[in-house]
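To start, the structure under review is shown below, and the notes come after it.
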Amino acid sequence: MVKENHVINIKILPILRCPVCKTGSLKVEHSLIKCQNTGCQNVFPIIDGIPILLNEKNSLFSTTDFISHKATTFSFNHSFWMSLAKKIIPSMIDNFQVKKNMDRFIKLVLNKNEHPRALVIGGSILGEGMDKLVNTKDIELIETDVSFGERTALICDAHDLPFMDNSVDGIILQAVLEHVIDPNQCVSEAYRVLKEGGIIYSETPFIQQVHMGKYDFTRYTELGHRRLFRKFDEIDRGAVGGPGMALAWSYRYFLLSFFENKYFRNIIKVFANLTSFYLKYIDRYLIKKRGVFDAASGYYFMGKKVNKIIDDRIIIESYKGLV
């Protein structure tokens, strides 16, 4: 659901740029935003106070999707029973590392700038472990997505970020890159808008079944995920969900593969959670072992933007697994 009375964050207007030409500054005129580049002059709507800044040529989504409030990647119209079930049924998912990682991210961006600006890509809902970041008043958060949501301040596609070069101090991509058509292009855009020495944090799945239907494209090994960020010096990397969680995902989808009826599939989801949620707690023991680098449910990477490309030989030599 779109937040009522959402207003444009005036503070971010100076760093906004046209997502089509990437150079034109943007000016608000009534319910429209206009590119000031005379060779471009694209016009973008503002819906419920939220700018819709899309380069439709490179996006799976169109401006009309948002004008008509069409459900895109997320649907927030859950039934009462589904919402209740999510509250009372144990989840098979747990991210043991994210709070520690967010503490470190916050410290690093505050060390870089007294009042840093952080961009959250895929931030329509509050991500796991993001509470402290949201409540850190000295950090200006810009929360974007290709979906309306409680926290969406700006609709934009990660393939064409509507921000000027070197304009933000930190970027978070939590469970995003598996849902984009071209992860390399999205990381390239993140690199472009980050300031020199800026901090990037990403989480992506490895052993995890399809979880956003037709908007789920890619999986990465731990080393593959590292290479995706080869323009960044590594600060830290590791697993965010261990082999126990990976096993729970596989068990759940094994059971689901027997059924097509939506009613029975919902029952199976509840049954699978009730009979496998405990596996995630075994990960508390496994998460620091070397074998997790070959068998985890997902991985994280935290890095610093540098003016070089990390050599593939160096990346390969940094392999931490046992296989």
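Chain lettering (A, B, ...) mirrors the order of the structure tokens, residue numbering begins at 1 for each chain separately, and ligand numbering begins at 1 in order of display.
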Fewer than 3 positions away in the same chain doesn't count, so skip those; otherwise give me all residues within 12 Å of stretch 123-125 of chain A, counting only C-alpha atoms, as a CSV table (one decimal) with C-alpha atoms, in the first residue's frame.
chain,number,residue,atom,x,y,z
A,1,MET,CA,0.0,0.0,0.0
A,2,VAL,CA,1.3,3.5,-0.9
A,3,LYS,CA,1.9,5.7,2.1
A,50,ILE,CA,6.4,9.6,-5.4
A,72,THR,CA,4.8,-5.3,-10.0
A,73,THR,CA,7.4,-7.3,-8.0
A,74,PHE,CA,5.5,-7.1,-4.7
A,75,SER,CA,1.8,-7.4,-3.9
A,76,PHE,CA,0.7,-6.0,-0.6
A,118,ALA,CA,22.8,6.1,1.7
A,119,LEU,CA,20.8,4.7,-1.2
A,120,VAL,CA,18.6,1.6,-0.6
A,128,GLU,CA,15.8,-7.7,7.6
A,129,GLY,CA,18.2,-6.1,10.1
A,130,MET,CA,17.7,-2.6,8.7
A,131,ASP,CA,16.0,-1.1,11.8
A,134,VAL,CA,16.6,3.5,9.5
A,141,LEU,CA,18.3,7.4,3.5
A,142,ILE,CA,16.9,7.3,0.0
A,143,GLU,CA,14.7,4.2,-0.4
A,144,THR,CA,13.9,3.2,-3.9
A,145,ASP,CA,12.2,0.3,-5.7
A,146,VAL,CA,10.2,-0.8,-8.7
A,147,SER,CA,7.3,-1.3,-6.4
A,148,PHE,CA,5.1,1.0,-4.3
A,149,GLY,CA,5.4,0.2,-0.7
A,150,GLU,CA,5.4,1.6,2.8
A,151,ARG,CA,8.9,3.0,2.5
A,152,THR,CA,9.2,3.8,-1.3
A,153,ALA,CA,10.4,7.4,-1.7
A,154,LEU,CA,11.3,7.0,-5.4
A,155,ILE,CA,10.4,4.6,-8.2
A,156,CYS,CA,13.4,3.8,-10.3
A,157,ASP,CA,15.1,0.8,-12.0
A,158,ALA,CA,18.5,-0.3,-10.8
A,171,ILE,CA,24.5,1.7,-1.2
A,172,ILE,CA,22.5,-1.3,0.0
A,173,LEU,CA,21.3,-4.1,-2.3
A,174,GLN,CA,19.6,-6.6,0.0
A,175,ALA,CA,18.1,-9.5,-1.9
A,176,VAL,CA,17.9,-7.4,-5.1
Q | Contacts of A:Tyr281 within 12 Å, only C-alpha atoms, excl. fewer than 3 positions in-chain, as JSON, numbers by chain | A | {"A": [90, 91, 92, 93, 94, 95, 96, 241, 242, 243, 244, 245, 248, 276, 277, 278, 284, 285, 286, 287]}
Would you list the contacts of stretch 225-232 of chain A as a short mmCIF file (atom, residue, chain, number, x, y, z; two decimals) with C-alpha atoms, in the first residue's frame, taking every protein, DNA or RNA residue within 9 Å and counting only C-alpha atoms, but skipping same-chain residues closer than 6 positions in sequence?
data_model
loop_
_atom_site.label_atom_id
_atom_site.label_comp_id
_atom_site.auth_asym_id
_atom_site.auth_seq_id
_atom_site.Cartn_x
_atom_site.Cartn_y
_atom_site.Cartn_z
CA PRO A 183 23.17 -7.64 -12.44
CA ASN A 184 26.45 -6.39 -13.96
CA VAL A 187 26.41 -2.93 -10.09
CA SER A 188 27.95 -0.62 -12.71
CA TYR A 191 29.55 2.17 -8.83
CA GLY A 197 35.65 5.32 -1.24
CA ILE A 199 30.59 1.64 0.75
CA ILE A 200 28.44 -0.99 -0.95
CA SER A 202 24.92 -6.68 -1.10
CA GLU A 203 23.14 -9.93 -0.22
CA THR A 204 22.17 -12.50 -2.87
CA ARG A 219 21.97 -17.15 -8.33
CA TYR A 299 26.01 -14.68 0.67
CA TYR A 300 26.91 -11.09 1.48
CA PHE A 301 29.62 -8.77 0.23
CA MET A 302 30.72 -5.43 1.66
CA GLY A 303 33.23 -3.37 -0.27
CA LYS A 304 34.71 0.06 -0.92
CA LYS A 305 34.67 1.80 -4.31
CA VAL A 306 38.19 2.09 -5.74
CA ASN A 307 39.61 3.32 -9.03
CA LYS A 308 40.78 -0.09 -10.24
CA ILE A 309 39.50 -3.53 -11.24
CA ILE A 310 40.46 -6.43 -9.00
CA ASP A 311 42.32 -9.05 -11.05
CA ASP A 312 40.43 -12.32 -11.57
CA ILE A 315 39.65 -13.19 -6.78
CA ILE A 316 40.12 -16.89 -7.54
#
(Q) Show me, as number ranges by chain, the residues that have an atom within 10 Å of A:Tyr319 when counting only C-alpha atoms, minus same-chain residues fewer than 3 positions from it. (A) A: 222-223, 226, 293-294, 314-316, 322-323
Keeping only C-alpha atoms, take the residues you just selected and write them out as an mmCIF file, in the first residue's frame.
data_model
loop_
_atom_site.group_PDB
_atom_site.id
_atom_site.type_symbol
_atom_site.label_atom_id
_atom_site.label_comp_id
_atom_site.auth_asym_id
_atom_site.auth_seq_id
_atom_site.Cartn_x
_atom_site.Cartn_y
_atom_site.Cartn_z
ATOM 1 C CA GLU A 222 30.196 -17.031 -2.927
ATOM 2 C CA LEU A 223 33.119 -16.437 -5.299
ATOM 3 C CA ARG A 226 32.663 -11.511 -5.057
ATOM 4 C CA PHE A 293 31.213 -21.155 1.578
ATOM 5 C CA ASP A 294 30.149 -24.053 -0.680
ATOM 6 C CA ILE A 314 43.379 -12.501 -7.089
ATOM 7 C CA ILE A 315 39.646 -13.187 -6.780
ATOM 8 C CA ILE A 316 40.117 -16.893 -7.541
ATOM 9 C CA LEU A 322 36.749 -26.719 0.884
ATOM 10 C CA VAL A 323 35.652 -28.415 -2.352
#
Q: Determine which residues of stretch 141-323 of chain A DSSP labels as strand (DSSP E) from the backbone of this structure, then write them out as a PyMOL selection string.
A: chain A and resi 141-145+154-156+168-174+194-205+232-241+298-305
How about saving the chosen residues, C-alpha atoms kept, as a short mmCIF file (atom, residue, chain, number, x, y, z; two decimals), in the first residue's frame?
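What ended up in again_21.cif:
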data_model
loop_
_atom_site.label_atom_id
_atom_site.label_comp_id
_atom_site.auth_asym_id
_atom_site.auth_seq_id
_atom_site.Cartn_x
_atom_site.Cartn_y
_atom_site.Cartn_z
CA LEU A 141 18.29 7.39 3.52
CA ILE A 142 16.90 7.34 -0.01
CA GLU A 143 14.69 4.24 -0.35
CA THR A 144 13.89 3.24 -3.93
CA ASP A 145 12.17 0.33 -5.66
CA LEU A 154 11.26 7.01 -5.41
CA ILE A 155 10.35 4.58 -8.18
CA CYS A 156 13.41 3.78 -10.29
CA VAL A 168 25.97 8.97 -2.40
CA ASP A 169 28.18 7.62 0.39
CA GLY A 170 26.69 4.14 0.68
CA ILE A 171 24.46 1.72 -1.23
CA ILE A 172 22.52 -1.31 0.00
CA LEU A 173 21.32 -4.08 -2.33
CA GLN A 174 19.64 -6.57 -0.03
CA LEU A 194 28.86 6.07 -5.30
CA LYS A 195 31.46 8.57 -4.19
CA GLU A 196 35.11 7.51 -4.28
CA GLY A 197 35.65 5.32 -1.24
CA GLY A 198 31.88 4.84 -0.89
CA ILE A 199 30.59 1.64 0.75
CA ILE A 200 28.44 -0.99 -0.95
CA TYR A 201 26.61 -3.85 0.77
CA SER A 202 24.92 -6.68 -1.10
CA GLU A 203 23.14 -9.93 -0.22
CA THR A 204 22.17 -12.50 -2.87
CA PRO A 205 20.94 -16.11 -2.66
CA PHE A 232 35.44 -2.74 -5.14
CA ASP A 233 38.05 -3.51 -2.51
CA GLU A 234 36.73 -6.18 -0.19
CA ILE A 235 35.89 -5.20 3.38
CA ASP A 236 34.13 -8.43 4.30
CA ARG A 237 32.18 -11.28 2.76
CA GLY A 238 30.51 -14.45 3.93
CA ALA A 239 27.23 -16.34 4.34
CA VAL A 240 23.93 -14.81 5.43
CA GLY A 241 21.96 -18.06 5.49
CA GLY A 298 22.96 -16.93 0.48
CA TYR A 299 26.01 -14.68 0.67
CA TYR A 300 26.91 -11.09 1.48
CA PHE A 301 29.62 -8.77 0.23
CA MET A 302 30.72 -5.43 1.66
CA GLY A 303 33.23 -3.37 -0.27
CA LYS A 304 34.71 0.06 -0.92
CA LYS A 305 34.67 1.80 -4.31
#
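Going from atom CA of A:Tyr215 over to atom CA of A:His179, you cover 5.4 Å.
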Q: Can you work out the spacing between atom CA of A:His69 and atom CA of A:Ile46 in Å, to one decimal?
A: 12.4 Å
Show me, as JSON lines, the residues of stretch 110-177 of chain A having an atom within 10 Å of stretch 20-29 of chain A, each with the closest atom pair and its distance in Å, using only C-alpha atoms.
{"residue": "A:Asp160", "atom": "CA", "partner": "A:Val20", "partner_atom": "CA", "distance": 7.4}
{"residue": "A:Leu161", "atom": "CA", "partner": "A:Lys22", "partner_atom": "CA", "distance": 8.3}
{"residue": "A:Pro162", "atom": "CA", "partner": "A:Lys22", "partner_atom": "CA", "distance": 6.9}
{"residue": "A:Phe163", "atom": "CA", "partner": "A:Lys22", "partner_atom": "CA", "distance": 7.6}
{"residue": "A:Met164", "atom": "CA", "partner": "A:Lys22", "partner_atom": "CA", "distance": 7.2}
{"residue": "A:Asp165", "atom": "CA", "partner": "A:Lys22", "partner_atom": "CA", "distance": 8.8}
**Q.** Those of stretch 111-166 of chain A in DSSP helix (DSSP H, G or I), formatted as a list in words
**A.** Asn111, Lys112, Asp131, Lys132, Leu133 and Val134 of chain A
Q: Grab the atom CA of A:Asn113 to atom CA of A:Asn135 distance for me, in Å with one decimal place.
A: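 Separating atom CA of A:Asn113 from atom CA of A:Asn135 is a distance of 17.2 Å.
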(Q) What's around A:Leu255 at 8 Å? Count only C-alpha atoms, leave out sequence neighbours fewer than 4 positions away in its own chain, and write the answer as an NGL selection string. (A) :A and (251 or 259 or 268 or 272)
Mind writing the picked residues with C-alpha atoms as a PDB file, in the first residue's frame?
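Listing of result-v7.pdb after writing:
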ATOM      1  CA  TYR A 251      12.510 -29.465   1.450  1.00  0.00           C
ATOM      2  CA  PHE A 259       0.745 -29.680  -5.975  1.00  0.00           C
ATOM      3  CA  ILE A 268       2.111 -27.239   2.245  1.00  0.00           C
ATOM      4  CA  ALA A 272       6.954 -27.153   5.588  1.00  0.00           C
TER       5      ALA A 272
END
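Comparing A:Leu126, A:Ile139, A:Leu247, A:Ile88 by their smallest distance to A:Lys112, the closest is A:Ile139 (using only C-alpha atoms).
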Surrounding residues of A:Leu256 excluding itself and chain neighbours under 6 positions, 10 Å, only C-alpha atoms, as a CSV table (one decimal) with N, CA and C atoms, in the first residue's frame:
chain,number,residue,atom,x,y,z
A,250,SER,N,14.9,-26.3,0.1
A,250,SER,CA,14.8,-27.4,-0.8
A,250,SER,C,13.7,-28.4,-0.4
A,264,PHE,N,-4.0,-26.0,-1.7
A,264,PHE,CA,-3.1,-27.0,-1.2
A,264,PHE,C,-1.7,-26.6,-1.0
A,265,ARG,N,-1.2,-25.7,-1.9
A,265,ARG,CA,0.1,-25.2,-1.8
A,265,ARG,C,0.3,-24.3,-0.6
A,266,ASN,N,-0.7,-23.6,-0.2
A,266,ASN,CA,-0.6,-22.8,1.0
A,266,ASN,C,-0.5,-23.7,2.2
A,267,ILE,N,-1.3,-24.8,2.2
A,267,ILE,CA,-1.2,-25.7,3.3
A,267,ILE,C,0.2,-26.3,3.4
A,268,ILE,N,0.8,-26.7,2.3
A,268,ILE,CA,2.1,-27.2,2.2
A,268,ILE,C,3.1,-26.2,2.8
A,269,LYS,N,3.0,-25.0,2.4
A,269,LYS,CA,3.9,-24.0,2.9
A,269,LYS,C,3.9,-23.9,4.5
A,272,ALA,N,5.5,-27.2,5.8
A,272,ALA,CA,7.0,-27.2,5.6
A,272,ALA,C,7.6,-26.3,6.6
